[in-house]
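Enquirer: For reference, this is model-v6.pdb, and it has PDB, C-alpha atoms, pLDDT in the B column.
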ATOM      1  CA  MET J   1     112.048 135.972 128.557  1.00 59.00           C
ATOM      2  CA  ASN J   2     113.443 139.479 128.249  1.00 80.00           C
ATOM      3  CA  ILE J   3     111.852 139.966 124.812  1.00 83.00           C
ATOM      4  CA  LEU J   4     108.490 138.898 126.207  1.00 80.00           C
ATOM      5  CA  VAL J   5     108.769 141.421 129.019  1.00 81.00           C
ATOM      6  CA  ARG J   6     110.039 144.259 126.806  1.00 84.00           C
ATOM      7  CA  ASN J   7     107.116 143.768 124.410  1.00 88.00           C
ATOM      8  CA  TRP J   8     104.431 143.980 127.097  1.00 89.00           C
ATOM      9  CA  TRP J   9     102.587 146.596 125.076  1.00 92.00           C
ATOM     10  CA  ILE J  10     101.758 144.036 122.339  1.00 93.00           C
ATOM     11  CA  TYR J  11      99.688 142.030 124.824  1.00 93.00           C
ATOM     12  CA  LEU J  12      98.074 145.189 126.130  1.00 94.00           C
ATOM     13  CA  LEU J  13      97.196 146.325 122.604  1.00 95.00           C
ATOM     14  CA  ASN J  14      95.806 142.890 121.673  1.00 95.00           C
ATOM     15  CA  GLY J  15      93.700 142.967 124.826  1.00 95.00           C
ATOM     16  CA  ILE J  16      92.311 146.395 123.971  1.00 96.00           C
ATOM     17  CA  ILE J  17      91.482 145.241 120.430  1.00 96.00           C
ATOM     18  CA  ALA J  18      89.774 142.126 121.826  1.00 95.00           C
ATOM     19  CA  LEU J  19      87.755 144.297 124.237  1.00 96.00           C
ATOM     20  CA  ILE J  20      86.667 146.627 121.428  1.00 95.00           C
ATOM     21  CA  TYR J  21      85.600 143.672 119.285  1.00 95.00           C
ATOM     22  CA  GLY J  22      83.831 142.101 122.263  1.00 95.00           C
ATOM     23  CA  PHE J  23      81.804 145.242 122.975  1.00 95.00           C
ATOM     24  CA  LEU J  24      80.949 145.685 119.293  1.00 94.00           C
ATOM     25  CA  ALA J  25      79.909 142.037 118.980  1.00 93.00           C
ATOM     26  CA  LEU J  26      77.720 142.255 122.081  1.00 94.00           C
ATOM     27  CA  PHE J  27      76.098 145.616 121.528  1.00 95.00           C
ATOM     28  CA  LEU J  28      76.098 145.863 117.707  1.00 93.00           C
ATOM     29  CA  PRO J  29      75.982 142.208 116.587  1.00 91.00           C
ATOM     30  CA  VAL J  30      74.182 142.774 113.280  1.00 89.00           C
ATOM     31  CA  GLN J  31      76.591 145.501 112.214  1.00 92.00           C
ATOM     32  CA  THR J  32      79.540 143.393 113.386  1.00 92.00           C
ATOM     33  CA  VAL J  33      78.404 140.370 111.355  1.00 88.00           C
ATOM     34  CA  GLU J  34      77.922 142.547 108.303  1.00 90.00           C
ATOM     35  CA  ALA J  35      81.294 144.268 108.804  1.00 92.00           C
ATOM     36  CA  ILE J  36      83.096 140.930 109.088  1.00 90.00           C
ATOM     37  CA  ALA J  37      81.391 139.655 105.940  1.00 90.00           C
ATOM     38  CA  TRP J  38      82.084 142.918 104.083  1.00 94.00           C
ATOM     39  CA  TYR J  39      85.786 142.816 104.979  1.00 94.00           C
ATOM     40  CA  ALA J  40      85.925 139.173 103.930  1.00 93.00           C
ATOM     41  CA  GLY J  41      84.492 140.292 100.580  1.00 94.00           C
ATOM     42  CA  LEU J  42      87.131 143.019 100.375  1.00 97.00           C
ATOM     43  CA  ALA J  43      89.892 140.481 101.070  1.00 96.00           C
ATOM     44  CA  ILE J  44      88.533 138.181  98.351  1.00 96.00           C
ATOM     45  CA  LEU J  45      88.317 141.118  95.932  1.00 97.00           C
ATOM     46  CA  LEU J  46      91.905 142.161  96.687  1.00 97.00           C
ATOM     47  CA  PHE J  47      93.075 138.581  96.222  1.00 97.00           C
ATOM     48  CA  GLY J  48      91.308 138.615  92.849  1.00 96.00           C
ATOM     49  CA  LEU J  49      93.262 141.727  91.913  1.00 97.00           C
ATOM     50  CA  VAL J  50      96.525 140.012  92.866  1.00 97.00           C
ATOM     51  CA  VAL J  51      95.613 136.977  90.747  1.00 96.00           C
ATOM     52  CA  LEU J  52      94.716 139.344  87.886  1.00 97.00           C
ATOM     53  CA  VAL J  53      98.144 141.015  88.089  1.00 96.00           C
ATOM     54  CA  VAL J  54      99.823 137.582  88.077  1.00 95.00           C
ATOM     55  CA  THR J  55      97.681 136.638  85.074  1.00 96.00           C
ATOM     56  CA  ILE J  56      98.687 139.762  83.174  1.00 96.00           C
ATOM     57  CA  ASN J  57     102.352 139.008  83.865  1.00 95.00           C
ATOM     58  CA  ARG J  58     101.885 135.442  82.624  1.00 94.00           C
ATOM     59  CA  ILE J  59     100.249 136.749  79.418  1.00 95.00           C
ATOM     60  CA  ARG J  60     103.241 139.061  78.859  1.00 95.00           C
ATOM     61  CA  GLU J  61     105.647 136.167  79.397  1.00 93.00           C
ATOM     62  CA  LYS J  62     103.701 133.950  76.978  1.00 93.00           C
ATOM     63  CA  MET J  63     102.909 131.442  79.727  1.00 93.00           C
ATOM     64  CA  PRO J  64      99.596 129.597  80.300  1.00 92.00           C
ATOM     65  CA  TRP J  65      97.124 132.054  81.782  1.00 94.00           C
ATOM     66  CA  LYS J  66      93.512 131.060  81.035  1.00 94.00           C
ATOM     67  CA  LEU J  67      92.856 129.191  84.285  1.00 94.00           C
ATOM     68  CA  LEU J  68      94.354 132.034  86.305  1.00 94.00           C
ATOM     69  CA  MET J  69      92.171 134.538  84.459  1.00 96.00           C
ATOM     70  CA  LEU J  70      89.107 132.457  85.316  1.00 96.00           C
ATOM     71  CA  GLN J  71      90.185 132.406  88.970  1.00 96.00           C
ATOM     72  CA  ALA J  72      90.738 136.164  88.973  1.00 96.00           C
ATOM     73  CA  VAL J  73      87.314 136.830  87.477  1.00 97.00           C
ATOM     74  CA  LEU J  74      85.642 134.483  89.976  1.00 97.00           C
ATOM     75  CA  TYR J  75      87.421 136.057  92.957  1.00 96.00           C
ATOM     76  CA  LEU J  76      86.644 139.562  91.745  1.00 97.00           C
ATOM     77  CA  ALA J  77      82.980 138.685  91.162  1.00 96.00           C
ATOM     78  CA  ALA J  78      82.652 136.899  94.505  1.00 95.00           C
ATOM     79  CA  GLY J  79      84.337 139.713  96.411  1.00 95.00           C
ATOM     80  CA  ALA J  80      82.248 142.412  94.759  1.00 96.00           C
ATOM     81  CA  THR J  81      79.054 140.419  95.287  1.00 95.00           C
ATOM     82  CA  ILE J  82      79.792 139.947  98.983  1.00 94.00           C
ATOM     83  CA  MET J  83      80.587 143.625  99.387  1.00 95.00           C
ATOM     84  CA  VAL J  84      77.428 144.808  97.597  1.00 96.00           C
ATOM     85  CA  TYR J  85      74.991 142.131  98.850  1.00 95.00           C
ATOM     86  CA  THR J  86      76.585 141.469 102.228  1.00 91.00           C
ATOM     87  CA  ARG J  87      73.567 140.226 104.171  1.00 88.00           C
ATOM     88  CA  GLN J  88      72.250 138.064 101.341  1.00 90.00           C
ATOM     89  CA  THR J  89      75.593 136.379 100.677  1.00 90.00           C
ATOM     90  CA  LEU J  90      76.111 135.836 104.386  1.00 86.00           C
ATOM     91  CA  SER J  91      72.709 134.154 104.627  1.00 86.00           C
ATOM     92  CA  LEU J  92      73.529 132.042 101.576  1.00 89.00           C
ATOM     93  CA  PHE J  93      76.874 131.010 103.064  1.00 87.00           C
ATOM     94  CA  VAL J  94      75.303 130.029 106.396  1.00 87.00           C
ATOM     95  CA  THR J  95      72.511 128.176 104.563  1.00 89.00           C
ATOM     96  CA  VAL J  96      75.067 126.151 102.595  1.00 91.00           C
ATOM     97  CA  ILE J  97      76.832 125.280 105.855  1.00 90.00           C
ATOM     98  CA  GLY J  98      73.448 124.219 107.270  1.00 91.00           C
ATOM     99  CA  ILE J  99      72.808 121.933 104.299  1.00 95.00           C
ATOM    100  CA  LEU J 100      76.289 120.443 104.617  1.00 94.00           C
ATOM    101  CA  ALA J 101      75.695 119.839 108.335  1.00 93.00           C
ATOM    102  CA  LEU J 102      72.417 118.048 107.573  1.00 95.00           C
ATOM    103  CA  VAL J 103      74.123 115.879 104.971  1.00 96.00           C
ATOM    104  CA  ALA J 104      76.968 115.107 107.394  1.00 95.00           C
ATOM    105  CA  GLY J 105      74.494 114.202 110.148  1.00 94.00           C
ATOM    106  CA  VAL J 106      72.571 111.870 107.848  1.00 95.00           C
ATOM    107  CA  PHE J 107      75.792 110.185 106.707  1.00 94.00           C
ATOM    108  CA  GLN J 108      76.879 109.755 110.317  1.00 92.00           C
ATOM    109  CA  LEU J 109      73.566 108.030 111.075  1.00 92.00           C
ATOM    110  CA  ILE J 110      73.956 105.773 108.017  1.00 92.00           C
ATOM    111  CA  VAL J 111      77.463 104.778 109.124  1.00 88.00           C
ATOM    112  CA  LEU J 112      76.228 104.026 112.645  1.00 87.00           C
ATOM    113  CA  VAL J 113      73.411 101.832 111.328  1.00 87.00           C
ATOM    114  CA  ASN J 114      75.756  99.967 108.985  1.00 87.00           C
ATOM    115  CA  LEU J 115      78.338  99.369 111.719  1.00 83.00           C
ATOM    116  CA  GLY J 116      75.798  97.764 114.020  1.00 77.00           C
ATOM    117  CA  ASN J 117      77.305  96.461 117.251  1.00 78.00           C
ATOM    118  CA  ARG J 118      80.886  96.566 115.919  1.00 79.00           C
ATOM    119  CA  PHE J 119      81.212 100.206 116.956  1.00 73.00           C
ATOM    120  CA  GLU J 120      81.847 100.610 120.698  1.00 79.00           C
ATOM    121  CA  GLY J 121      81.235 104.372 120.783  1.00 77.00           C
ATOM    122  CA  LYS J 122      77.780 104.122 119.237  1.00 83.00           C
ATOM    123  CA  ASN J 123      76.129 106.407 121.822  1.00 85.00           C
ATOM    124  CA  LEU J 124      78.768 109.062 121.330  1.00 89.00           C
ATOM    125  CA  GLY J 125      78.442 108.720 117.556  1.00 88.00           C
ATOM    126  CA  LEU J 126      74.653 108.971 117.797  1.00 90.00           C
ATOM    127  CA  THR J 127      74.928 112.079 119.978  1.00 93.00           C
ATOM    128  CA  ASN J 128      77.308 113.672 117.492  1.00 94.00           C
ATOM    129  CA  ALA J 129      75.044 112.817 114.531  1.00 93.00           C
ATOM    130  CA  LEU J 130      71.971 114.256 116.263  1.00 95.00           C
ATOM    131  CA  LEU J 131      73.815 117.417 117.311  1.00 95.00           C
ATOM    132  CA  THR J 132      75.092 117.841 113.748  1.00 94.00           C
ATOM    133  CA  LEU J 133      71.531 117.490 112.430  1.00 95.00           C
ATOM    134  CA  LEU J 134      70.257 119.992 115.011  1.00 93.00           C
ATOM    135  CA  PHE J 135      73.049 122.406 114.105  1.00 90.00           C
ATOM    136  CA  GLY J 136      72.107 122.124 110.416  1.00 93.00           C
ATOM    137  CA  LEU J 137      68.427 122.717 111.147  1.00 93.00           C
ATOM    138  CA  LEU J 138      69.162 125.765 113.268  1.00 89.00           C
ATOM    139  CA  LEU J 139      71.274 127.216 110.482  1.00 88.00           C
ATOM    140  CA  LEU J 140      68.500 126.646 107.948  1.00 91.00           C
ATOM    141  CA  ILE J 141      65.690 128.059 110.095  1.00 91.00           C
ATOM    142  CA  ASN J 142      67.246 131.524 110.327  1.00 86.00           C
ATOM    143  CA  PRO J 143      70.775 131.747 108.945  1.00 84.00           C
ATOM    144  CA  PHE J 144      71.365 135.391 109.792  1.00 81.00           C
ATOM    145  CA  ALA J 145      70.126 135.009 113.382  1.00 85.00           C
ATOM    146  CA  PHE J 146      72.493 132.084 113.865  1.00 83.00           C
ATOM    147  CA  ALA J 147      75.417 134.092 112.481  1.00 83.00           C
ATOM    148  CA  LYS J 148      74.444 136.886 114.861  1.00 87.00           C
ATOM    149  CA  ALA J 149      74.391 134.444 117.797  1.00 89.00           C
ATOM    150  CA  VAL J 150      77.859 133.169 116.881  1.00 88.00           C
ATOM    151  CA  VAL J 151      79.166 136.748 116.807  1.00 91.00           C
ATOM    152  CA  ILE J 152      77.620 137.457 120.208  1.00 94.00           C
ATOM    153  CA  LEU J 153      79.224 134.304 121.608  1.00 94.00           C
ATOM    154  CA  SER J 154      82.574 135.293 120.096  1.00 94.00           C
ATOM    155  CA  GLY J 155      82.108 138.732 121.669  1.00 95.00           C
ATOM    156  CA  ILE J 156      81.735 137.190 125.121  1.00 96.00           C
ATOM    157  CA  VAL J 157      84.857 135.086 124.610  1.00 96.00           C
ATOM    158  CA  SER J 158      86.667 138.146 123.259  1.00 96.00           C
ATOM    159  CA  LEU J 159      85.793 140.186 126.344  1.00 96.00           C
ATOM    160  CA  PHE J 160      87.243 137.523 128.639  1.00 97.00           C
ATOM    161  CA  ALA J 161      90.356 137.179 126.469  1.00 97.00           C
ATOM    162  CA  GLY J 162      90.706 140.963 126.287  1.00 96.00           C
ATOM    163  CA  VAL J 163      90.585 141.373 130.057  1.00 97.00           C
ATOM    164  CA  LEU J 164      93.181 138.618 130.493  1.00 97.00           C
ATOM    165  CA  LEU J 165      95.478 140.083 127.839  1.00 96.00           C
ATOM    166  CA  VAL J 166      95.260 143.584 129.318  1.00 96.00           C
ATOM    167  CA  TRP J 167      96.006 142.168 132.785  1.00 96.00           C
ATOM    168  CA  PHE J 168      98.912 140.092 131.410  1.00 94.00           C
ATOM    169  CA  GLY J 169     100.334 143.065 129.497  1.00 93.00           C
ATOM    170  CA  TRP J 170     100.087 145.228 132.600  1.00 93.00           C
ATOM    171  CA  GLN J 171     101.872 142.596 134.701  1.00 92.00           C
ATOM    172  CA  LEU J 172     104.652 142.374 132.112  1.00 91.00           C
ATOM    173  CA  ARG J 173     104.913 146.183 132.144  1.00 91.00           C
ATOM    174  CA  LYS J 174     105.463 146.133 135.904  1.00 90.00           C
ATOM    175  CA  ILE J 175     108.225 143.541 135.493  1.00 89.00           C
ATOM    176  CA  ASP J 176     109.795 145.593 132.668  1.00 85.00           C
ATOM    177  CA  LYS J 177     109.814 148.736 134.826  1.00 86.00           C
ATOM    178  CA  ALA J 178     111.325 146.830 137.773  1.00 84.00           C
ATOM    179  CA  GLU J 179     114.058 145.388 135.529  1.00 81.00           C
ATOM    180  CA  SER J 180     114.750 148.835 134.062  1.00 76.00           C
ATOM    181  CA  VAL J 181     115.301 150.237 137.574  1.00 71.00           C
ATOM    182  CA  ILE J 182     117.665 147.342 138.396  1.00 71.00           C
ATOM    183  CA  ASP J 183     119.562 147.894 135.102  1.00 67.00           C
ATOM    184  CA  GLN J 184     119.948 151.615 135.893  1.00 71.00           C
ATOM    185  CA  GLU J 185     121.308 150.882 139.357  1.00 70.00           C
ATOM    186  CA  VAL J 186     123.950 148.510 137.952  1.00 64.00           C
TER     187      VAL J 186
END
Can the structure from this file be put into structure tokens for me?

Expert:
Amino acid sequence: MNILVRNWWIYLLNGIIALIYGFLALFLPVQTVEAIAWYAGLAILLFGLVVLVVTINRIREKMPWKLLMLQAVLYLAAGATIMVYTRQTLSLFVTVIGILALVAGVFQLIVLVNLGNRFEGKNLGLTNALLTLLFGLLLLINPFAFAKAVVILSGIVSLFAGVLLVWFGWQLRKIDKAESVIDQEV
């Protein structure tokens, strides 16, 4: 418990970061979506560089390397593409998720029809299938707007979490100060 109390500032810092993200997501959602996608592209690009270094080492050691080289090239190309064409790749990604959701919803409906009365949770399964289909359609109608809505929603959650973390960190700080006074008196 003492470690938790002594490290109160970690909770406070996490709360401040969550609050900053929350405000950015609420008031600059388009830029936030694009920034998240751009940094994801950067991470993929950096991972491609790591795989390339591993590949070069494998070539030097006369070990199999062709598959790793292909992976490195694909990661580098994907990362660079996301970083250069951020909005377009984000829309493509969300569109693919929308198509997958539609396919999943259709398969859920097929399973429900084939199970007939043997499935006791048929209403719940039907609700899930219809919601999955609706989710897929919403993603396909306007992928970028849906991504923006998700960021706004995450911003709201982040604001609540940030306030709670700041409060929690502050409470732990008070306990830490009280314990420090007690330790000094002893």

Enquirer: Fewer than 2 positions away in the same chain doesn't count, so skip those; otherwise give me all residues within 8 Å of Leu159 (chain J), counting all atoms listed in the file, as number ranges by chain.

Expert: J: 18-19, 21-23, 155-157, 161-163

Enquirer: Give me, please, the distance in Å between CA of Asn114 (chain J) and CA of Ile97 (chain J), quoted to one decimal.

Expert: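 Straight-line distance from CA of Asn114 (chain J) to CA of Ile97 (chain J) works out to 25.5 Å.
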
Enquirer: Quick one: apply the PyMOL selection byres ((chain J and resi 25-27) around 9) to the file and drop the selected residues here as a count of residues only.

Expert: 19

Enquirer: Between CA of Phe144 (chain J) and CA of Gly105 (chain J), measure the distance and give it in Å to one decimal.

Expert: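 Distance reported for this atom pair: 21.4 Å.
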
Enquirer: At a cut-off of 10 Å, using all atoms listed in the file, what residues contact region 34-48 of chain J? Leave out same-chain residues fewer than 3 positions from it and give the result as a ChimeraX atom specification.

Expert: /J:29-31,51-54,68-87,89-90,144,147-148,151

Enquirer: Write out as a PyMOL selection string which residues come within 9 Å of region 129-141 of chain J when counting only C-alpha atoms, dropping same-chain ones fewer than 5 positions away.

Expert: chain J and resi 94-109+124+146-147

Enquirer: To one decimal in Å, tell me the separation between CA of Val181 (chain J) and CA of Phe168 (chain J).

Expert: 20.2 Å

Enquirer: Rank J:Met63, J:Ile110, J:Leu92, J:Ala178 by their smallest atom-to-atom distance to Asn142 (chain J), using only C-alpha atoms, and report the top residue only.

Expert: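 Of J:Met63, J:Ile110, J:Leu92, J:Ala178, the one nearest Asn142 (chain J) is J:Leu92, counting only C-alpha atoms.
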
Enquirer: Where does region 73-169 of chain J meet region 5-14 of chain J within 7 Å, residue by residue, with the nearest atom pair and distance in Å to one decimal for each, counting only C-alpha atoms, listed by chain and rising number, as a Markdown table?

Expert:
| residue | atom | partner | partner_atom | distance |
| --- | --- | --- | --- | --- |
| J:Leu165 | CA | J:Tyr11 | CA | 5.5 |
| J:Val166 | CA | J:Leu12 | CA | 4.5 |
| J:Phe168 | CA | J:Tyr11 | CA | 6.9 |
| J:Gly169 | CA | J:Leu12 | CA | 4.6 |

Enquirer: Enclose region 66-69 of chain J, meaning all of its atoms listed in the file, in a box aligned along x, y and z, pad it by 4 Å on each side, and list the centre and edge lengths in Å to one decimal, as lines of an AutoDock Vina configuration file.

Expert:
center_x = 93.3
center_y = 131.9
center_z = 83.7
size_x = 10.2
size_y = 13.3
size_z = 13.3
